[in-house]
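What follows is a set of notes on a single structure, which appears directly below.
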Amino acid sequence: MPERIIIVGAGPAGTRAARILAEAGLATVLLDEAAGNGGQIYRRQPPGFRRPYAALYGTEAGKAERLHAALDGFGGLIDHRTDTLVWSLDGRRLMLNTAGRADSLDFDRLILATGAMDRVIPLPGWTLPGVFALGGAQVALKHQACAVGAKTCFVGSSPLLPYVAYQYARAGAGVAGVVDTTPRSAKLGALPDLLAVPGVTARGLTYMAWLARHGIRYWHGATPLRVEGGEHVTALVFRTAGGAERRIDCDAVALGYGLKCEHQLADLAGCAFRFDSPTRQWVVAQDDAGRTSVDGLYVAGDGALIRGADAAELAGERAALALLADLGRPVDAARVAQIGRHLARIDRQRRGMDKAFAYPNHLAQSLADDVILCRCEAVTVGEVRRAVTEQGADDINRAKAFCRVGMGRCQGRVCGPAAADVVAAALGRPIEAAGRLRGQAPVKPVPVAVLAQAELGETQSA
Amino acid sequence: MTGSDKVDVAIIGGGTAGCAAALELRRRGLSVALFERRTVGSQASGVNYGGVRQQGRDPAELPLSRRSRPIWDRLPALVGHDCEFMATGHLKLAYTPEQMAELEAWSAMAAEQGVETRLMGANALAEAYPGLITNAYGGSLCPTDGQANPRLVAPAFARAARRAGAAIHEHEAVTGATRDAAGFRIETERGTRILAQSLINVAGAWADHVARWFGEFAPIQVLAPNMLVSEPVPYRLPVNIGVCGAGLYVRQIPRGNLIFGGGKGWADREAIRARPLVEVSCQASAQLARTLPWAANAAVIRSWTGIEGYFDDDIPVIGLSETTPGLVHAFGFSGHGFQLGPAIGEIVSELVVEGKTTTPIDAFSIRRFARAGHQAA
Ligand SMILES: Cc1cc2nc3c(=O)[nH]c(=O)nc-3n(C[C@H](O)[C@H](O)[C@H](O)COP(=O)(O)OP(=O)(O)OC[C@H]3O[C@@H](n4cnc5c(N)ncnc54)[C@H](O)[C@@H]3O)c2cc1C
Ligand SMILES: Cc1cc2nc3c(=O)[nH]c(=O)nc-3n(C[C@H](O)[C@H](O)[C@H](O)COP(=O)(O)OP(=O)(O)OC[C@H]3O[C@@H](n4cnc5c(N)ncnc54)[C@H](O)[C@@H]3O)c2cc1C
């Protein structure tokens, strides 16, 4: 019997992996909870929308079009199942929820290409209506063609910060200002690394220059203090690098501190993890081809390591080649080497990005006690601190057990990083010493009725 | 801790039983050192369902359970936290006349021991819980039962014990213990050696290892009850529910989450690892949807399990060692030792100090396994 190969995630990484395996004549099942392939960056527009590629994807239109077409003609080998959430991994079995229908699939080899999500750091007022994650604000604009506000303030530390502000302004949506927590000097210091991939860096500089030309203020080295508003956001207050307090009137805030890997399925599979210092987060331990510590399980793309869409495609291909090699199939050594060189260049540039848009651990660590940290469970920063100082929690999971931080609907996806910072600071130890929130099934909520249906024998195997 | 310290009592295991014992022994003025391999309450005591029930217990266990029950009311005074205990009552549902007959028989037995229950037919259920419970044949409500937050209980006892002067050592497993004329010589993974006059074995699913050090055998079976929790939904379920036969149990906390379980997950006690099993989670969900149809639309957000020691006869080992003076066992609570924990603390303390307890525990002697012909292999 041929090996059963499954790929989770049909973004750049998963799509490329499926394509490479299909070209080698191997059948795969490609699962994604979205309605079409493309992933985050090349996300398809909703049904009924017919905007052209150039309008939707800008400079990346060509890549988007190629990726969307990458599966065409391979229908016989690639079983692409859309609207299919993989909610658990149990040994060699995946549990699926296909638009409310439960199913399970067994695999011999698995490529996890599950992408990333916004990383946020709470601040006073962040639970007010009108505060959005940066990526979410971009999705609203790009794919639903609507801005999150008439005058949006962009706050955080991320290469997406100038980019999304630019996209908003270009689309005619009001931009109240950009408040970037990384100092200008750090960006200059990062330039040598950034120039490893000059095209990407040049694009970034273009966006900043465009914003400046159009009178949109960009503050470097700022410290966000609070979001103000009664029923809805009315202003963002921050301290400038020079120490002055400033207030920007706005009706929406887009907040983002880079991305964090979505790796819950790898966690359930028992993969080893390591702390990645440059991106200040835990990642799945992997070799340079994406092999994890679990036999037959590979990771690729932003779910493996945050390094952008181009790298995601390359990493998807690299993992597929590793899988082929592990099956004893021939692989093109020259291509493997070429991918390696290309990824090394991107990694160097990412090192620059990680300095130019550094993750400011100290912001979460210095939050006041009364700020809500975990939105789902309404847990304050002070409650998390007390779980450490009064109840003796010695890591993030213990703090979760005591005060419910990260225990709600999102399972700590949103508050997890900031909560770990608060715990680490309260322990007086480095952030990695706070540990990482353990993944638990289901990786996203699944209705009781769907689970119940799985029990009634309606499951099938590939 | 370094060198060779002396204490009156050493405790192996920082679950509810061990932490409650540490507090009680300090109240009685004895010096105490408790050793816990991980963190207090990180095993069964911290991850269980949170059911605080007398209903359905073996007649032999009911006196223990009755003794424990009022301590739950006193938690704020005793440990400085209510641990979210609420006397919501426990309702056991029957779906057939045979199941109802079992409930009636238990109810009569319990009444003799002073535990009141209210037997309800289908109509009474419909009246008391309109729209909540469908298709049940009848049920038995034990109004004094309830529920609590398991994550808080053992740590609260441990903090209180520490405040009272107990030495609570976390991340420190006991690797061996022997007894000679001077007392128990205990050694830990950190190389600590202490000498204790008495030793309490409350090491949960691992306690048979400790018993073995003293030539005693207890056929523990390791099982892992499979648990799930939903997102918050409007608060409707004012009572903790158990279902005859099916094995489903479900409760709702005031913030809205439904906590439910049934069936067993996977556990490896030597690796100290356990995980829920998807198939079992699905079965429990199906039972929940049948029992409380209104709960079917709630989304499950998390599942988990924990490592628990069971005996075939479904009751624990509690009592003095048969081989070694000064050694006290209390383990193998077979899936229902959370409610008992506070009383176990008192009882093992009485056994240490007085050599006997006022609560009948003969049925729990480790001797029963020797009699059954088990061999210490
Ligand atoms: C909100 C957001 C905005 C971004 N904007 C930009 C931008 O403007 N420019 C830029 O260069 N980069 C941007 N990025 C980064 C870029 O999207 C990624 O670098 C790139 O998409 C990575 O590709 P990938 O294949 O690794 O993951 P993704 O493209 O994220 O694809 C992962 C896929 O996996 C699916 N998936 C995940 N988990 C499951 C599961 N359990 N079951 C089923 N399916 C699952 C998802 O639905 C998704 O389609 C953005 C990222 C985010 C999160
Ligand atoms: C998922 C689940 C649901 C349950 N639901 C309920 C319920 O609703 N109601 C109820 O009454 N009961 C319930 N139970 C049972 C109840 O949780 C247990 O019976 C009870 O918590 C046992 O407490 P304990 O202190 O004896 O054991 P534990 O809590 O297991 O504590 C024993 C401790 O000993 C430590 N240890 C072991 N060996 C060593 C060593 N050599 N050195 C140092 N430390 C050691 C372990 O690390 C552990 O922390 C449930 C159990 C589980 C797992």
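Each chain in the structure tokens gets a letter, A, B, ..., in the order shown, and its residues are numbered from 1; ligands are numbered from 1 in order too.
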* Would you return as a VMD selection string the members of stretch 12-113 of chain B that DSSP assigns to strand (DSSP E) on this structure's backbone? => chain B and resid 12 32 to 35 51 to 52 90 to 94
Write out as CSV the residues of chain A that have any atom within 7 Å of an atom of chain B, one row each with the nearest atom pair and its distance in Å to one decimal, counting only C-alpha atoms, sorted by chain and then rising number.
residue,atom,partner,partner_atom,distance
A:Asp90,CA,B:Val278,CA,6.8
A:Ala401,CA,B:Arg151,CA,5.9
A:Phe402,CA,B:Arg151,CA,6.4
A:Gly408,CA,B:Glu231,CA,6.9
A:Arg409,CA,B:Glu231,CA,5.9
A:Gln440,CA,B:Arg302,CA,5.8
A:Ala441,CA,B:Arg302,CA,5.5
A:Pro442,CA,B:Arg302,CA,5.7
A:Lys444,CA,B:Ile301,CA,6.7
A:Pro445,CA,B:Ile301,CA,4.7
A:Val446,CA,B:Ala299,CA,4.9
A:Pro447,CA,B:Ala299,CA,3.7
A:Val448,CA,B:Ala296,CA,4.9
A:Ala449,CA,B:Ala296,CA,4.8
A:Leu451,CA,B:Cys282,CA,4.8
A:Ala452,CA,B:Ala286,CA,3.8
A:Gln453,CA,B:Ala286,CA,7.0
A:Ala454,CA,B:Cys282,CA,6.2
A:Glu455,CA,B:Cys282,CA,5.1
* Distance atom CA of B:Glu187-atom 27 (O, counted along the ligand's line) of ligand 2, one decimal place? ->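 Atom 27 (O, counted along the ligand's line) of ligand 2 lies at a distance of 20.4 Å from atom CA of B:Glu187.
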* Asked: Given a cut-off of 6 Å, what residues near ligand 1 show up using only C-alpha atoms and all ligand atoms, put as a ChimeraX atom specification?
  -> /A:8-14,31-34,39-41,84-87,113-118,135-136,301-303,308-309,312
* To do: Enumerate, as a list in words, the complete set of residues in stretch 232-311 of chain A that a backbone-based DSSP assignment places in alpha helix (DSSP H).
  => Gln264, Leu265, Ala266, Asp267, Leu268, Gly308, Ala309, Asp310 and Ala311 of chain A
* Any idea what's packed within 7 Å of stretch 348-362 of chain A, counting only C-alpha atoms, ignoring anything in its chain fewer than 2 positions away? Could you give it as a PyMOL selection string? -> chain A and resi 157-159+182+186-187+190-191+193-197+257+278-280+307+344-346+364-366+421
